[in-house]
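Here's the structure we're looking at; comments come further down.
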Amino acid sequence: MSILIDGKALAAEMRQQLAERVKQFKAQRGKEVGLAVVLVGEDPASQVYVRNKIRACEEVGIRSFAYRLPAETSQQEVEALVDELVAAENVHGILVQLPLPKHLDERKILRRIPPAKDVDGFCAENVGNLAMNRETIVACTPFGVMKMLEKYGIDPKGKSAVVLGRSNIVGKPMAMLLLNADATVTVCHSKTQNLKEVCAAADILVVAIGRAKFVTADMVKEGAVVIDVGMDRDENGKLCGDVDFAAVKDKASYITPVPGGVGPMTITMLLYNTVLAAERS
Ligand code: NAP
């Protein structure tokens, strides 16, 4: 039987610590920590994400500035808003909720956010710094995974780590973080051959592919640490991960559940990055 990595509990603990840091910042600098969130259009999932982020800010005392713009907002208007937020002293972090409506040039908009306010950790400079193992702002989801490993005393040093998925927001930064922590890292994707064998050799297996219950017990080494980033729906429409939890839990030494694993850590790390950006400002 494996040990469950409780992301919900760790997120709650970290939010308490962040609330303290927010208070200290206010006492020392005489102003609030501020996060601006820009949402363009009416995508229902994005609306929920933005609402959750704003609620999480309130929980730790971060001042949030929400901008909900109509779907037909022009490139020029979005860029002007971002420029305004870049200049605003009370805004320490800027988050543009993706995806943007198709007529907008996402890259051009994101490029206007300076690395110091890029609390998503998506810009080229922050990603470059991560690749070079320098001080930076790290993408929230993989950063949250590292915090979970740390909390449970799992040191990646010298371990064989396999990251399944190579997206810019999860897989790639995850691989870089594990490499920076001295793991021997293999990154797999849809063109990887012998996927089962590669995964089954991992001491630490991080899965982020968006395929419900894709990782089965035969893909997992006895005693491996299994981190499930996936947020999928099963055949009954119930939330599940990329890992077949019921089958894998008896083989893994540690495993994250879905829900209650990586998910709660992602928003917490956004708050963490915002506080860090404020403290560094
Ligand atoms: P993504 O951009 O769609 O990337 C998926 C990656 O998985 C790609 O690299 C793809 O390979 C690979 N892949 C897909 N099917 C595969 C297969 N059958 N075998 C091997 N590799 C395969 O996804 P993402 O944004 O990284 O998200 C991944 C999952 O994590 C989703 O379920 C998402 O909802 C979830 N997520 C959760 C959180 C959280 O807070 N818990 C945050 C972000 C994402 P190619 O590159 O070859 O196409």
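Note on naming: chains are A, B, ... as they come in the structure tokens, residues start from 1 per chain, ligands start from 1 in the order shown.
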What lies within 12 Å of Pro173 (chain A) using only C-alpha atoms, ignoring chain neighbours under 4 positions off, as a PyMOL selection string? chain A and resi 120-124+126-133+136-146+163+165-169+177-180+185+187+206+208
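Those residues that approach Leu239 (chain A) to within 10 Å, counting only C-alpha atoms, are A:Ala212, A:Gly230, A:Met231, A:Asp232, A:Arg233, A:Asp234, A:Glu235, A:Asn236, A:Gly237, A:Gly241, A:Val258, A:Pro259; same-chain residues fewer than 2 positions away are not listed.
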Out of A:Val215, A:Ala224, A:Met14, A:Cys57, which residue has the shortest atom-to-atom distance to Pro156 (chain A) when counting only C-alpha atoms?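 Among the listed residues, A:Ala224 lies closest to Pro156 (chain A).
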Pick out the residues sitting within 10 Å of Ser253 (chain A), and hand them over as a ChimeraX atom specification; count only C-alpha atoms, and ignore anything fewer than 5 positions along from it in its own chain. /A:1-4,203-204,221-226,248
Residues just named, written with C-alpha atoms as a PDB file, in the first residue's frame:
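Once written, part18.pdb looks like this:
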```
ATOM      1  CA  MET A   1       0.000   0.000   0.000  1.00  0.00           C
ATOM      2  CA  SER A   2       1.394   3.379  -0.963  1.00  0.00           C
ATOM      3  CA  ILE A   3       1.519   6.644   0.956  1.00  0.00           C
ATOM      4  CA  LEU A   4      -0.892   9.232  -0.373  1.00  0.00           C
ATOM      5  CA  ASP A 203      11.964   5.755  -9.632  1.00  0.00           C
ATOM      6  CA  ILE A 204       9.894   8.926 -10.006  1.00  0.00           C
ATOM      7  CA  LYS A 221       8.051  -0.016 -11.069  1.00  0.00           C
ATOM      8  CA  GLU A 222       7.434  -1.559  -7.656  1.00  0.00           C
ATOM      9  CA  GLY A 223       8.059   1.185  -5.080  1.00  0.00           C
ATOM     10  CA  ALA A 224       8.085   4.087  -7.568  1.00  0.00           C
ATOM     11  CA  VAL A 225       6.865   7.587  -6.692  1.00  0.00           C
ATOM     12  CA  VAL A 226       3.936   8.404  -8.987  1.00  0.00           C
ATOM     13  CA  VAL A 248      -1.233   1.632  -9.384  1.00  0.00           C
TER      14      VAL A 248
END
```
Find the residues around region 43-47 of chain A up to 9 Å (only C-alpha atoms counted), leave out those fewer than 4 positions away in its own chain, and share them as a list in words.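 Those residues are Leu39, Arg51, Asn52, Gln97, Leu98, Pro99 and Pro101 of chain A.
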From a backbone DSSP assignment, name each residue in region 112-190 of chain A labelled strand (DSSP E or B), as a PyMOL selection string. chain A and resi 160-164+184-188
Length of the CA of Leu35 (chain A) to CA of Leu149 (chain A) vector [Å]: 27.1 Å
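Restricting the calculation to only C-alpha atoms, the smallest distance between Leu276 (chain A) and any of A:Arg21, A:Lys102, A:Lys151, A:Arg55 is found for A:Arg21.
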For Leu100 (chain A), find every residue with an atom within 9 Å (counting only C-alpha atoms), except residues of its own chain fewer than 5 positions away, and show them as an MDAnalysis selection string. chainID A and resid 39:41 71 105:106
Selection file, N, CA, C and O atoms, as a short mmCIF file (atom, residue, chain, number, x, y, z; two decimals), in the first residue's frame:
```
data_model
loop_
_atom_site.label_atom_id
_atom_site.label_comp_id
_atom_site.auth_asym_id
_atom_site.auth_seq_id
_atom_site.Cartn_x
_atom_site.Cartn_y
_atom_site.Cartn_z
N LEU A 39 -8.82 38.45 -18.21
CA LEU A 39 -9.59 37.41 -18.91
C LEU A 39 -10.28 38.06 -20.11
O LEU A 39 -11.00 39.04 -19.96
N VAL A 40 -10.05 37.50 -21.29
CA VAL A 40 -10.71 38.03 -22.48
C VAL A 40 -11.67 36.96 -23.00
O VAL A 40 -11.26 35.83 -23.27
N GLY A 41 -12.94 37.32 -23.11
CA GLY A 41 -13.93 36.38 -23.64
C GLY A 41 -14.69 35.65 -22.56
O GLY A 41 -14.48 35.90 -21.36
N ALA A 71 -15.09 39.34 -25.63
CA ALA A 71 -14.34 38.49 -26.58
C ALA A 71 -13.82 39.29 -27.77
O ALA A 71 -12.78 38.95 -28.35
N ASP A 105 -3.08 37.87 -30.80
CA ASP A 105 -1.74 37.29 -30.89
C ASP A 105 -1.20 37.11 -29.46
O ASP A 105 -0.71 38.03 -28.83
N GLU A 106 -1.36 35.86 -28.99
CA GLU A 106 -1.01 35.51 -27.61
C GLU A 106 0.45 35.84 -27.28
O GLU A 106 0.75 36.45 -26.26
#
```
Tell me which of A:Phe214, A:Phe25, A:Phe65, A:Phe245 sits closest to ligand 1, counting only C-alpha atoms and all ligand atoms.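 Distance minimum relative to ligand 1 lands on A:Phe214.
Nearest residue to ligand 1, choosing from A:Ala11, A:Ile154, A:Ile109, A:Val275 and counting only C-alpha atoms and all ligand atoms: A:Ala11.
If only C-alpha atoms are the atoms counted, then among A:Thr256, A:Thr192, A:Gln76, A:Asn90 the closest residue to Lys26 (chain A) is A:Asn90.
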CA of Lys53 (chain A) to CA of Arg29 (chain A): how many Å, to one decimal?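 Atom-to-atom, CA of Lys53 (chain A) to CA of Arg29 (chain A), that is 24.0 Å.
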Using only C-alpha atoms and all ligand atoms, pick whichever of A:Asp244, A:Glu279, A:Asp228, A:Glu13 has the shortest atom-to-atom distance to ligand 1.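 Closest candidate: A:Asp228.
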